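Asks: Structure supplied as structure-v3.cif; contents: mmCIF, C-alpha atoms and all ligand atoms.
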```cif
data_start
#
loop_
_atom_site.label_atom_id
_atom_site.label_comp_id
_atom_site.auth_asym_id
_atom_site.auth_seq_id
_atom_site.Cartn_x
_atom_site.Cartn_y
_atom_site.Cartn_z
CA MET G 194 217.61 113.91 156.82
CA SER G 195 217.85 115.76 153.49
CA ARG G 196 217.40 119.52 153.37
CA THR G 197 214.16 118.94 151.45
CA ASP G 198 212.75 116.63 154.14
CA GLU G 199 213.82 119.03 156.85
CA VAL G 200 212.17 122.06 155.16
CA ILE G 201 208.97 120.13 154.43
CA ALA G 202 208.76 118.94 158.04
CA ARG G 203 209.07 122.56 159.22
CA ALA G 204 206.45 123.70 156.69
CA LYS G 205 203.98 121.08 157.90
CA GLN G 206 204.27 122.46 161.43
CA VAL G 207 203.62 126.10 160.66
CA LEU G 208 201.98 126.70 157.27
CA LEU G 209 198.25 126.57 156.77
CA LEU G 210 197.65 123.32 154.95
CA ASN G 211 195.57 124.94 152.20
CA TYR G 212 197.80 123.93 149.27
CA LYS G 213 198.44 120.49 147.84
CA GLN G 214 202.20 120.94 147.75
CA GLN G 215 204.61 118.83 145.77
CA PRO G 216 207.57 117.43 147.74
CA VAL G 217 210.09 119.86 146.29
CA VAL G 218 211.79 122.90 147.82
CA LEU G 219 212.74 125.38 145.11
CA VAL G 220 215.68 127.57 145.97
CA ARG G 221 216.91 129.29 142.81
CA GLY G 222 215.79 130.22 139.31
CA GLU G 223 217.37 131.47 136.11
CA GLY G 224 215.55 131.92 132.81
CA ALA G 225 213.42 128.87 132.11
CA TYR G 226 215.04 126.75 134.84
CA VAL G 227 214.68 126.39 138.61
CA TRP G 228 216.74 124.34 141.05
CA ASP G 229 215.65 122.52 144.19
CA ALA G 230 217.33 122.22 147.57
CA GLU G 231 219.09 119.02 146.45
CA GLY G 232 220.65 120.77 143.45
CA ARG G 233 218.27 119.16 140.91
CA ARG G 234 217.37 121.28 137.87
CA TYR G 235 213.84 121.55 136.45
CA LEU G 236 212.61 123.04 133.20
CA ASP G 237 209.88 125.38 134.42
CA LEU G 238 207.24 125.48 131.69
CA ILE G 239 204.70 127.07 134.02
CA ALA G 240 207.02 130.03 134.83
CA GLY G 241 206.17 130.45 138.50
CA ILE G 242 202.48 130.14 137.88
CA ALA G 243 202.15 132.08 134.64
CA THR G 244 203.88 134.91 136.51
CA CYS G 245 207.55 135.07 135.49
CA ALA G 246 206.88 136.15 131.91
CA LEU G 247 210.50 136.98 131.21
CA GLY G 248 211.80 133.98 133.11
CA HIS G 249 213.32 133.72 136.56
CA CYS G 250 215.65 136.49 137.72
CA HIS G 251 215.56 138.47 134.49
CA PRO G 252 218.58 140.84 134.66
CA GLY G 253 216.69 143.81 133.18
CA VAL G 254 213.87 143.56 135.72
CA ILE G 255 216.33 142.97 138.56
CA ALA G 256 218.33 146.08 137.62
CA ALA G 257 215.23 148.28 137.51
CA ALA G 258 213.80 146.94 140.78
CA LYS G 259 217.18 147.16 142.55
CA GLN G 260 217.59 150.79 141.58
CA GLN G 261 214.12 151.52 142.93
CA LEU G 262 214.89 149.58 146.15
CA ASP G 263 217.78 151.96 146.72
CA THR G 264 215.61 155.01 146.06
CA LEU G 265 212.11 154.69 147.54
CA TRP G 266 210.26 151.57 148.70
CA HIS G 267 206.81 152.73 149.48
CA VAL G 268 204.60 155.78 149.72
CA SER G 269 200.92 156.11 150.47
CA ASN G 270 198.57 156.55 147.57
CA VAL G 271 197.62 159.92 149.05
CA PHE G 272 200.86 161.08 147.38
CA TYR G 273 201.92 160.77 143.75
CA SER G 274 204.83 158.54 142.80
CA GLU G 275 206.19 158.24 139.28
CA PRO G 276 206.62 154.49 138.76
CA GLN G 277 202.88 153.79 138.93
CA ILE G 278 202.13 156.72 136.62
CA ALA G 279 204.69 155.39 134.13
CA LEU G 280 203.06 151.96 134.32
CA ALA G 281 199.56 153.40 133.94
CA GLU G 282 200.74 155.31 130.86
CA ARG G 283 201.95 152.07 129.29
CA LEU G 284 198.83 150.04 130.09
CA THR G 285 196.28 152.68 129.16
CA LYS G 286 198.00 153.54 125.87
CA ALA G 287 198.15 149.89 124.81
CA SER G 288 194.56 149.19 125.91
CA GLY G 289 192.75 151.24 123.27
CA LEU G 290 190.00 152.03 125.80
CA PRO G 291 188.69 155.58 125.38
CA GLY G 292 190.32 157.88 127.94
CA ALA G 293 191.70 154.81 129.73
CA ARG G 294 192.64 154.94 133.42
CA ALA G 295 194.40 152.44 135.67
CA PHE G 296 193.99 151.39 139.30
CA PHE G 297 196.69 149.30 140.96
CA CYS G 298 196.40 146.55 143.54
CA ASN G 299 198.36 143.44 144.48
CA SER G 300 196.74 140.37 142.93
CA GLY G 301 194.34 139.06 140.34
CA ALA G 302 191.53 138.62 142.84
CA GLU G 303 191.82 142.23 143.92
CA ALA G 304 191.88 143.42 140.32
CA ASN G 305 188.66 141.49 139.67
CA GLU G 306 187.16 142.76 142.92
CA ALA G 307 187.78 146.26 141.52
CA LEU G 308 185.95 145.27 138.31
CA ILE G 309 182.98 144.02 140.32
CA LYS G 310 182.78 147.14 142.47
CA LEU G 311 183.21 149.31 139.37
CA ALA G 312 180.31 147.58 137.58
CA ARG G 313 177.92 147.95 140.52
CA ARG G 314 178.71 151.59 141.16
CA CYS G 315 178.74 152.46 137.49
CA GLN G 316 175.17 151.21 137.05
CA ARG G 317 174.16 153.13 140.17
CA GLU G 318 175.73 156.31 138.78
CA ARG G 319 173.78 155.77 135.57
CA GLY G 320 170.59 155.72 137.65
CA GLN G 321 170.26 151.93 137.32
CA LYS G 322 170.42 151.00 140.98
CA ASP G 323 168.65 147.67 140.42
CA ARG G 324 171.35 146.51 138.03
CA PHE G 325 173.76 144.67 140.32
CA GLU G 326 174.05 141.19 138.83
CA ILE G 327 177.13 139.99 136.97
CA ILE G 328 177.05 137.11 134.51
CA THR G 329 180.14 134.87 134.66
CA PHE G 330 180.96 131.51 133.07
CA GLU G 331 181.08 127.88 134.12
CA GLY G 332 184.66 126.66 134.35
CA GLY G 333 185.94 130.22 134.89
CA PHE G 334 188.30 131.35 137.60
CA HIS G 335 188.45 134.85 139.05
CA GLY G 336 190.10 134.53 142.49
CA ARG G 337 189.61 133.51 146.10
CA THR G 338 188.08 136.50 147.86
CA LEU G 339 184.41 136.00 148.72
CA ALA G 340 183.19 138.06 145.77
CA THR G 341 185.64 136.62 143.24
CA VAL G 342 185.13 133.04 144.42
CA THR G 343 181.41 133.62 143.87
CA ALA G 344 182.19 134.97 140.41
CA THR G 345 184.14 131.72 139.90
CA ALA G 346 181.40 129.37 138.70
CA GLN G 347 182.99 126.21 140.05
CA PRO G 348 181.32 124.70 143.13
CA LYS G 349 184.56 123.12 144.40
CA TYR G 350 185.97 126.58 145.14
CA GLN G 351 182.78 127.79 146.84
CA GLN G 352 181.80 124.89 149.06
CA GLY G 353 181.82 125.66 152.78
CA PHE G 354 181.97 129.43 152.37
CA GLU G 355 178.23 130.03 152.20
CA PRO G 356 176.41 132.33 152.39
CA LEU G 357 178.05 133.66 149.24
CA PRO G 358 177.54 137.29 148.21
CA GLN G 359 174.52 137.92 146.00
CA GLY G 360 174.64 139.06 142.44
CA PHE G 361 176.35 136.41 140.32
CA VAL G 362 174.75 134.10 137.77
CA TYR G 363 176.47 131.60 135.52
CA ALA G 364 176.26 130.63 131.86
CA PRO G 365 178.07 127.88 129.94
CA TYR G 366 181.27 129.31 128.40
CA GLY G 367 180.80 130.06 124.72
CA ASP G 368 176.98 129.91 124.80
CA LEU G 369 175.58 133.29 123.71
CA ASP G 370 171.96 132.10 123.82
CA ALA G 371 172.37 131.03 127.44
CA VAL G 372 173.71 134.50 128.23
CA LYS G 373 170.69 136.08 126.54
CA ARG G 374 168.37 133.97 128.67
CA LEU G 375 170.03 135.27 131.86
CA LEU G 376 169.68 138.93 130.92
CA GLY G 377 167.16 140.94 132.89
CA PRO G 378 166.54 144.33 134.52
CA GLN G 379 168.99 143.27 137.27
CA THR G 380 171.95 142.58 134.96
CA ALA G 381 174.87 144.97 135.38
CA ALA G 382 177.80 143.37 133.59
CA ILE G 383 179.40 140.33 132.00
CA LEU G 384 182.78 139.14 133.31
CA VAL G 385 184.73 136.73 131.11
CA GLU G 386 188.20 135.30 130.51
CA PRO G 387 189.33 135.39 126.84
CA ILE G 388 190.89 131.99 127.48
CA GLN G 389 189.73 130.04 130.53
CA GLY G 390 193.02 129.25 132.25
CA GLU G 391 192.33 127.31 135.44
CA GLY G 392 189.25 125.82 133.80
CA GLY G 393 191.40 123.78 131.38
CA VAL G 394 192.99 126.29 128.96
CA ARG G 395 189.85 126.83 126.86
CA PRO G 396 189.95 129.69 124.35
CA ALA G 397 186.63 131.47 123.80
CA PRO G 398 184.98 130.25 120.58
CA LYS G 399 185.47 132.63 117.65
CA GLY G 400 182.98 135.47 117.79
CA PHE G 401 181.90 134.80 121.39
CA LEU G 402 183.56 137.88 122.88
CA ALA G 403 182.28 140.06 120.03
CA GLY G 404 178.78 138.65 120.67
CA LEU G 405 179.08 139.54 124.35
CA GLN G 406 180.19 143.04 123.46
CA GLN G 407 177.15 143.44 121.22
CA LEU G 408 174.83 142.25 123.99
CA CYS G 409 176.45 144.65 126.45
CA ALA G 410 176.00 147.55 124.02
CA GLN G 411 172.34 146.63 123.39
CA HIS G 412 171.43 146.27 127.07
CA GLY G 413 173.57 148.96 128.72
CA LEU G 414 175.88 146.45 130.46
CA LEU G 415 179.59 146.62 131.20
CA LEU G 416 181.85 144.16 129.44
CA LEU G 417 184.60 143.14 131.88
CA LEU G 418 187.56 141.04 130.71
CA ASP G 419 189.67 139.00 133.12
CA GLU G 420 193.15 139.17 131.55
CA VAL G 421 194.95 138.08 134.72
CA GLN G 422 196.44 135.02 133.05
CA THR G 423 196.34 136.05 129.38
CA GLY G 424 197.66 139.63 129.55
CA ILE G 425 201.11 141.20 129.00
CA GLY G 426 201.88 139.75 125.59
CA ARG G 427 201.46 136.06 126.45
CA THR G 428 199.15 135.29 123.53
CA GLY G 429 200.89 137.54 120.99
CA LYS G 430 199.01 140.77 121.77
CA PRO G 431 199.38 142.97 124.85
CA PHE G 432 195.91 141.78 125.92
CA ALA G 433 194.18 138.68 124.52
CA PHE G 434 190.87 140.49 123.84
CA GLN G 435 192.76 142.40 121.13
CA HIS G 436 192.77 139.27 118.94
CA GLU G 437 188.98 139.62 118.72
CA GLY G 438 188.90 143.29 117.77
CA ILE G 439 186.75 144.16 120.77
CA THR G 440 187.01 146.93 123.36
CA PRO G 441 185.80 146.06 126.86
CA ASP G 442 184.70 148.70 129.37
CA ALA G 443 187.32 147.48 131.82
CA PHE G 444 189.78 144.63 132.35
CA SER G 445 191.98 143.14 135.02
CA LEU G 446 195.67 142.18 135.03
CA ALA G 447 198.07 140.51 137.48
CA LYS G 448 200.29 137.38 137.20
CA SER G 449 202.90 138.36 134.54
CA LEU G 450 202.56 142.08 135.22
CA GLY G 451 205.41 142.22 137.77
CA ASN G 452 207.37 139.23 136.41
CA GLY G 453 206.71 137.52 139.75
CA LEU G 454 206.44 140.51 142.06
CA PRO G 455 202.88 140.93 143.37
CA ILE G 456 201.02 143.58 141.43
CA GLY G 457 197.55 143.71 139.88
CA ALA G 458 195.76 146.33 137.84
CA MET G 459 192.30 147.31 136.70
CA VAL G 460 192.16 149.35 133.50
CA CYS G 461 188.89 151.03 132.49
CA SER G 462 187.50 153.63 130.16
CA ASP G 463 187.19 157.17 131.46
CA GLU G 464 183.39 156.97 131.24
CA VAL G 465 182.99 153.98 133.58
CA GLY G 466 185.98 154.99 135.72
CA LYS G 467 184.08 158.07 136.89
CA ALA G 468 182.03 155.68 139.04
CA LEU G 469 184.96 155.25 141.42
CA PRO G 470 185.82 158.78 142.53
CA SER G 471 187.98 159.76 145.49
CA GLY G 472 187.35 157.64 148.58
CA THR G 473 185.38 154.84 146.94
CA HIS G 474 188.17 152.30 146.49
CA GLY G 475 191.83 151.87 147.37
CA SER G 476 194.77 149.70 148.36
CA THR G 477 197.71 150.33 150.69
CA PHE G 478 200.32 148.62 148.55
CA GLY G 479 198.67 149.06 145.14
CA GLY G 480 201.12 150.59 142.66
CA ASN G 481 204.02 150.34 145.11
CA PRO G 482 207.12 152.00 143.57
CA VAL G 483 209.20 148.79 143.53
CA THR G 484 206.56 146.52 142.00
CA ALA G 485 205.48 149.24 139.56
CA THR G 486 209.09 149.77 138.45
CA ALA G 487 209.54 146.02 137.94
CA ALA G 488 206.28 145.99 135.99
CA CYS G 489 207.42 148.82 133.70
CA ALA G 490 210.65 146.97 132.92
CA THR G 491 208.67 143.75 132.37
CA TRP G 492 206.13 145.47 130.14
CA ASP G 493 208.77 147.06 127.88
CA LEU G 494 210.42 143.71 127.17
CA ALA G 495 207.34 141.47 127.24
CA THR G 496 205.26 143.55 124.85
CA ALA G 497 208.03 144.46 122.41
CA PRO G 498 206.56 143.57 118.98
CA GLU G 499 209.29 141.01 118.21
CA THR G 500 208.73 139.27 121.57
CA MET G 501 204.96 139.02 121.06
CA LYS G 502 205.45 137.76 117.51
CA GLU G 503 207.81 135.10 118.85
CA ASN G 504 205.30 134.15 121.58
CA GLU G 505 202.72 133.44 118.92
CA ALA G 506 205.21 131.52 116.77
CA LYS G 507 206.46 129.49 119.76
CA GLY G 508 202.84 128.74 120.61
CA GLU G 509 202.38 127.32 117.11
CA HIS G 510 205.56 125.27 117.56
CA LEU G 511 204.21 123.93 120.86
CA ARG G 512 200.93 123.09 119.13
CA ASP G 513 202.76 121.19 116.36
CA LEU G 514 204.74 119.21 118.94
CA ALA G 515 201.59 118.46 120.95
CA GLU G 516 199.58 117.49 117.86
CA ALA G 517 202.37 115.12 116.79
CA LEU G 518 202.33 113.61 120.28
CA LYS G 519 198.54 113.25 120.08
CA ALA G 520 198.94 111.41 116.77
CA ARG G 521 201.50 109.05 118.38
CA ARG G 522 199.51 108.49 121.59
CA PRO G 523 195.84 108.99 120.70
CA GLU G 524 194.72 106.72 123.55
CA ARG G 525 196.35 109.05 126.10
CA VAL G 526 196.32 112.56 124.57
CA LYS G 527 192.76 113.73 123.95
CA ASP G 528 193.06 117.39 123.06
CA VAL G 529 195.53 120.25 122.71
CA ARG G 530 194.34 123.81 123.26
CA GLY G 531 195.62 127.32 123.77
CA ARG G 532 197.07 130.38 122.16
CA GLY G 533 200.63 131.67 122.20
CA LEU G 534 202.39 130.69 125.39
CA LEU G 535 199.30 129.55 127.26
CA PHE G 536 198.77 125.95 126.35
CA GLY G 537 197.00 122.85 127.64
CA ILE G 538 197.25 119.15 126.84
CA GLU G 539 194.25 117.11 127.91
CA VAL G 540 194.89 113.48 128.83
CA ASP G 541 192.33 110.70 129.12
CA THR G 542 192.89 110.16 132.83
CA GLY G 543 195.44 110.57 135.62
CA ALA G 544 196.61 114.11 134.79
CA ALA G 545 197.86 114.59 138.37
CA ASP G 546 199.99 111.45 138.07
CA VAL G 547 201.40 112.58 134.73
CA LEU G 548 202.30 115.88 136.33
CA ALA G 549 204.03 114.17 139.27
CA ARG G 550 206.07 112.02 136.87
CA CYS G 551 206.96 115.14 134.85
CA ARG G 552 208.37 116.65 138.02
CA VAL G 553 210.40 113.54 138.82
CA ASN G 554 211.68 113.67 135.23
CA GLY G 555 212.68 117.34 135.57
CA LEU G 556 209.73 119.28 134.15
CA LEU G 557 207.36 121.66 135.96
CA ALA G 558 203.85 122.37 134.64
CA ASN G 559 200.53 122.39 136.44
CA LEU G 560 196.99 121.12 136.42
CA ALA G 561 194.11 123.07 134.85
CA GLY G 562 190.75 121.46 135.42
CA GLU G 563 190.59 117.71 136.02
CA LYS G 564 192.38 116.39 132.97
CA THR G 565 194.53 119.12 131.48
CA VAL G 566 198.23 119.75 132.02
CA ARG G 567 198.85 123.46 131.58
CA PHE G 568 201.97 125.12 130.21
CA ALA G 569 202.58 128.86 130.54
CA PRO G 570 206.27 129.09 129.65
CA ALA G 571 208.38 132.18 130.13
CA TYR G 572 208.80 134.16 126.92
CA VAL G 573 212.56 133.51 127.02
CA THR G 574 211.96 129.76 126.64
CA THR G 575 213.57 128.54 123.44
CA ARG G 576 212.05 126.17 120.88
CA GLU G 577 214.65 123.59 121.96
CA GLN G 578 213.49 123.90 125.58
CA LEU G 579 209.85 123.53 124.50
CA GLY G 580 210.88 120.37 122.61
CA GLU G 581 212.75 119.11 125.67
CA GLY G 582 209.64 119.77 127.79
CA LEU G 583 207.32 117.91 125.44
CA ALA G 584 209.75 114.97 125.31
CA ILE G 585 209.71 114.77 129.11
CA PHE G 586 205.91 115.04 129.06
CA GLU G 587 205.71 112.13 126.61
CA ARG G 588 207.98 110.00 128.77
CA SER G 589 205.77 110.84 131.75
CA LEU G 590 202.48 109.80 130.17
C1 LIG G 601 192.01 134.28 135.18
C2 LIG G 601 192.38 134.48 136.61
N1 LIG G 601 191.77 135.45 137.31
C3 LIG G 601 192.09 135.67 138.60
C4 LIG G 601 193.02 134.92 139.26
C5 LIG G 601 193.34 135.19 140.70
O1 LIG G 601 194.59 135.78 140.80
P1 LIG G 601 195.35 135.86 142.20
O2 LIG G 601 195.68 134.47 142.60
O3 LIG G 601 196.56 136.70 141.92
O4 LIG G 601 194.42 136.50 143.16
C6 LIG G 601 193.69 133.90 138.57
C7 LIG G 601 194.68 133.06 139.26
O5 LIG G 601 195.02 131.99 138.84
C8 LIG G 601 193.36 133.68 137.21
O6 LIG G 601 193.95 132.72 136.50
#
```
Starting from the file, lay out its structure as structure tokens.

Replies:
Amino acid sequence: MSRTDEVIARAKQVLLLNYKQQPVVLVRGEGAYVWDAEGRRYLDLIAGIATCALGHCHPGVIAAAKQQLDTLWHVSNVFYSEPQIALAERLTKASGLPGARAFFCNSGAEANEALIKLARRCQRERGQKDRFEIITFEGGFHGRTLATVTATAQPKYQQGFEPLPQGFVYAPYGDLDAVKRLLGPQTAAILVEPIQGEGGVRPAPKGFLAGLQQLCAQHGLLLLLDEVQTGIGRTGKPFAFQHEGITPDAFSLAKSLGNGLPIGAMVCSDEVGKALPSGTHGSTFGGNPVTATAACATWDLATAPETMKENEAKGEHLRDLAEALKARRPERVKDVRGRGLLFGIEVDTGAADVLARCRVNGLLANLAGEKTVRFAPAYVTTREQLGEGLAIFERSL
């Protein structure tokens, strides 16, 4: 029995069977590559799952986290610790939100949960206690807690968990008129991804986010941006909403923030942040010294201007390669979408099979929506590696 078969057999005995797992046991990673238990190497163009922004085992992040491991692992949030303050300073300064403040948690779902709680309490504090409803978008993804799965307007994630919490209504992504029709005296906020990641790597149409901001300003609503997948320099700006020249009231981060260590954040303006005073929200591990230290090291490298510029340029390179592939195989490749290093290639059918063949051929990516293969490469991925990845993808079609 191979080590892979042995590990998978053990997993099937003891793990909850909630994931559709590929028959691979990954044991080691370095940069853009990972290795399995049989010693096979894979080009990882999904970088964990859009998490390892600087690639696997980045020496700078390792050094920072190791030093912190030797110093202090964890303290309660009833005490101050410097790593999370240093991280908050970085995020708030880059955000451009007036008087910005940060709250730390451990995942994207929790960061969005904080946005939802913030919106409800903020309206209450403004004397608008009937404003509780949040507008979200079809094809979006915001997490797996009960509130965030309800914010996720995709029935497949909700089925069987009813009754779902109240207070979420859905509009087609990109459709401002549909949003206007949903507005009422109960509306509290709009929650939106600048690029729908899980929903098929769909960038918001030009002007959509600005239109939402205008509606929020007119109707006294909070504009909440889910930057869990798009944040930390991936699209060429620290946060993707910055391409649109807008300023949300609050936004969420996770995934790339800790380069693979679990950390999430909610950043908000001082005005709306006042709605969550002492005792109203919290997290045991949120802003843990080790994850916050890793996140500071990640942030400094990932949002360096030359890195972000390169991310945008590599994204264009990826687009050129994908467009050329589409021209060669128009019957199979139907669309290419994305921005910077968040990219999707839509195939006519059988995306899951393409993905499985990619893996056999030494390339890791993942599925976004029914028909789209998603790439979220680490920022250290070279143009040559992107070319190698696209060549494997083509062979796997
Ligand atoms: C846009 C977006 N929001 C939220 C989440 C949930 O994050 P987590 O799995 O860390 O809870 C994800 C995860 O894929 C995401 O892509």

Asks: With distances taken over only C-alpha atoms, which of G:Cys315, G:Cys245, G:Met194, G:Ala204 is nearest to Asn452 in chain G?

Replies: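 Comparing G:Cys315, G:Cys245, G:Met194, G:Ala204 against Asn452 in chain G, the winner is G:Cys245.
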
Asks: Tell me which of G:Ser269, G:Thr338, G:Thr264, G:Ser274 sits closest to ligand LIG 601 (chain G), counting all atoms listed in the file.

Replies: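 Of G:Ser269, G:Thr338, G:Thr264, G:Ser274, the one nearest ligand LIG 601 (chain G), counting all atoms listed in the file, is G:Thr338.
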
Asks: Check the smallest atom-to-atom distance from each of G:Gly413, G:Pro358, G:Gly332, G:Gly466 to ligand LIG 601 (chain G) using only C-alpha atoms and all ligand atoms, then report the winner.

Replies: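 Counting only C-alpha atoms and all ligand atoms, the residue closest to ligand LIG 601 (chain G) is G:Gly332.
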
Asks: What's around Asp442 in chain G at 8 Å? Count only C-alpha atoms, leave out sequence neighbours fewer than 4 positions away in its own chain, and write the answer as an NGL selection string.

Replies: :G and (290 or 415-417 or 461-462 or 465)

Asks: Store the residues picked out above in a file with C-alpha atoms, as an mmCIF file, in the frame of the given file.

Replies:
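That gives us out-v3.cif:
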```cif
data_model
loop_
_atom_site.group_PDB
_atom_site.id
_atom_site.type_symbol
_atom_site.label_atom_id
_atom_site.label_comp_id
_atom_site.auth_asym_id
_atom_site.auth_seq_id
_atom_site.Cartn_x
_atom_site.Cartn_y
_atom_site.Cartn_z
ATOM 1 C CA LEU G 290 190.000 152.030 125.800
ATOM 2 C CA LEU G 415 179.590 146.620 131.200
ATOM 3 C CA LEU G 416 181.850 144.160 129.440
ATOM 4 C CA LEU G 417 184.600 143.140 131.880
ATOM 5 C CA CYS G 461 188.890 151.030 132.490
ATOM 6 C CA SER G 462 187.500 153.630 130.160
ATOM 7 C CA VAL G 465 182.990 153.980 133.580
#
```

Asks: Show which residues sit within 10 Å of Gly475 in chain G, as a PDB file with C-alpha atoms, keeping the file's coordinate frame. Count all atoms listed in the file, and ignore same-chain residues fewer than 5 positions away.

Replies:
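The resulting part_19.pdb:
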```pdb
ATOM      1  CA  ASN G 270     198.570 156.550 147.570  1.00  0.00           C
ATOM      2  CA  PHE G 296     193.990 151.390 139.300  1.00  0.00           C
ATOM      3  CA  PHE G 297     196.690 149.300 140.960  1.00  0.00           C
ATOM      4  CA  CYS G 298     196.400 146.550 143.540  1.00  0.00           C
ATOM      5  CA  ALA G 307     187.780 146.260 141.520  1.00  0.00           C
ATOM      6  CA  LEU G 469     184.960 155.250 141.420  1.00  0.00           C
TER       7      LEU G 469
END
```

Asks: Is there a way to get, as a list in words, all residues within 10 Å of the point (189.0, 131.6, 129.4) in file coordinates, counting all atoms listed in the file?

Replies: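 Using all atoms listed in the file, the matching residues come out as Phe330, Glu331, Gly332, Gly333, Phe334, Tyr366, Gly367, Val385, Glu386, Pro387, Ile388, Gln389, Gly390, Glu391, Gly392, Gly393, Val394, Arg395, Pro396, Ala397, Pro398, Leu418, Asp419, Glu420, Gln422, Thr423 and Gly531 of chain G.
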
Asks: Based on the selection just made, write C-alpha atoms of those residues as a JSON list (two decimals), keeping the file's coordinate frame.

Replies:
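And here is the file that came out, result.json:
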```
[["chain", "number", "residue", "atom", "x", "y", "z"],
["G", 330, "PHE", "CA", 180.96, 131.51, 133.07],
["G", 331, "GLU", "CA", 181.08, 127.88, 134.12],
["G", 332, "GLY", "CA", 184.66, 126.66, 134.35],
["G", 333, "GLY", "CA", 185.94, 130.22, 134.89],
["G", 334, "PHE", "CA", 188.30, 131.35, 137.60],
["G", 366, "TYR", "CA", 181.27, 129.31, 128.40],
["G", 367, "GLY", "CA", 180.80, 130.06, 124.72],
["G", 385, "VAL", "CA", 184.73, 136.73, 131.11],
["G", 386, "GLU", "CA", 188.20, 135.30, 130.51],
["G", 387, "PRO", "CA", 189.33, 135.39, 126.84],
["G", 388, "ILE", "CA", 190.89, 131.99, 127.48],
["G", 389, "GLN", "CA", 189.73, 130.04, 130.53],
["G", 390, "GLY", "CA", 193.02, 129.25, 132.25],
["G", 391, "GLU", "CA", 192.33, 127.31, 135.44],
["G", 392, "GLY", "CA", 189.25, 125.82, 133.80],
["G", 393, "GLY", "CA", 191.40, 123.78, 131.38],
["G", 394, "VAL", "CA", 192.99, 126.29, 128.96],
["G", 395, "ARG", "CA", 189.85, 126.83, 126.86],
["G", 396, "PRO", "CA", 189.95, 129.69, 124.35],
["G", 397, "ALA", "CA", 186.63, 131.47, 123.80],
["G", 398, "PRO", "CA", 184.98, 130.25, 120.58],
["G", 418, "LEU", "CA", 187.56, 141.04, 130.71],
["G", 419, "ASP", "CA", 189.67, 139.00, 133.12],
["G", 420, "GLU", "CA", 193.15, 139.17, 131.55],
["G", 422, "GLN", "CA", 196.44, 135.02, 133.05],
["G", 423, "THR", "CA", 196.34, 136.05, 129.38],
["G", 531, "GLY", "CA", 195.62, 127.32, 123.77]]
```

Asks: Check the smallest atom-to-atom distance from each of G:Lys310, G:Lys399, G:Arg337, G:His412 to ligand LIG 601 (chain G) using only C-alpha atoms and all ligand atoms, then report the winner.

Replies: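 When distances to ligand LIG 601 (chain G) are compared using only C-alpha atoms and all ligand atoms, the smallest one comes from G:Arg337.
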
Asks: For ligand LIG 601 (chain G), I'd like the enclosing box, axis-aligned and padded by 5 Å on every side, reported as JSON with centre and edge lengths in Å to one decimal.

Replies:
```
{"center_x": 194.2, "center_y": 134.3, "center_z": 139.2, "size_x": 14.8, "size_y": 14.7, "size_z": 18.0}
```

Asks: Which neighbours of range 567-583 of chain G fall inside 8 Å, counting only C-alpha atoms, when residues of the same chain fewer than 5 positions from it are skipped, and could you give them as a PyMOL selection string?

Replies: chain G and resi 224-225+236-240+242-243+245-248+393-394+427+495+500+504+507+510-511+514-515+534-538+556+558-561

Asks: Counting all atoms listed in the file, what is within 7 Å of Gly426 in chain G, bar same-chain residues fewer than 2 positions away, as a compact mmCIF listing (two decimals) with C-alpha atoms, in the coordinates of the input?

Replies:
```
# COMPACT_ATOMS: atom_id res chain seq x y z
CA GLY G 424 197.66 139.63 129.55
CA THR G 428 199.15 135.29 123.53
CA GLY G 429 200.89 137.54 120.99
CA LYS G 430 199.01 140.77 121.77
CA PRO G 431 199.38 142.97 124.85
CA PHE G 432 195.91 141.78 125.92
CA ALA G 495 207.34 141.47 127.24
CA THR G 496 205.26 143.55 124.85
CA MET G 501 204.96 139.02 121.06
```

Asks: Rounded to one decimal place, report the CA of Gly451 in chain G-CA of His474 in chain G distance in Å.

Replies: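 Computed distance, CA of Gly451 in chain G to CA of His474 in chain G, equals 21.8 Å.
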
Asks: Within 10 Å of (179.1, 148.6, 135.9) in the file's own coordinates, which protein, DNA or RNA residues have an atom, counting only C-alpha atoms? List them as a short mmCIF file (atom, residue, chain, number, x, y, z; two decimals) with C-alpha atoms, keeping the file's coordinate frame.

Replies:
```cif
data_model
loop_
_atom_site.label_atom_id
_atom_site.label_comp_id
_atom_site.auth_asym_id
_atom_site.auth_seq_id
_atom_site.Cartn_x
_atom_site.Cartn_y
_atom_site.Cartn_z
CA LEU G 308 185.95 145.27 138.31
CA ILE G 309 182.98 144.02 140.32
CA LYS G 310 182.78 147.14 142.47
CA LEU G 311 183.21 149.31 139.37
CA ALA G 312 180.31 147.58 137.58
CA ARG G 313 177.92 147.95 140.52
CA ARG G 314 178.71 151.59 141.16
CA CYS G 315 178.74 152.46 137.49
CA GLN G 316 175.17 151.21 137.05
CA ARG G 317 174.16 153.13 140.17
CA GLU G 318 175.73 156.31 138.78
CA ARG G 319 173.78 155.77 135.57
CA GLN G 321 170.26 151.93 137.32
CA ARG G 324 171.35 146.51 138.03
CA PHE G 325 173.76 144.67 140.32
CA GLU G 326 174.05 141.19 138.83
CA ILE G 327 177.13 139.99 136.97
CA THR G 380 171.95 142.58 134.96
CA ALA G 381 174.87 144.97 135.38
CA ALA G 382 177.80 143.37 133.59
CA ILE G 383 179.40 140.33 132.00
CA GLY G 413 173.57 148.96 128.72
CA LEU G 414 175.88 146.45 130.46
CA LEU G 415 179.59 146.62 131.20
CA LEU G 416 181.85 144.16 129.44
CA LEU G 417 184.60 143.14 131.88
CA ASP G 442 184.70 148.70 129.37
CA ALA G 443 187.32 147.48 131.82
CA VAL G 465 182.99 153.98 133.58
CA GLY G 466 185.98 154.99 135.72
CA ALA G 468 182.03 155.68 139.04
#
```
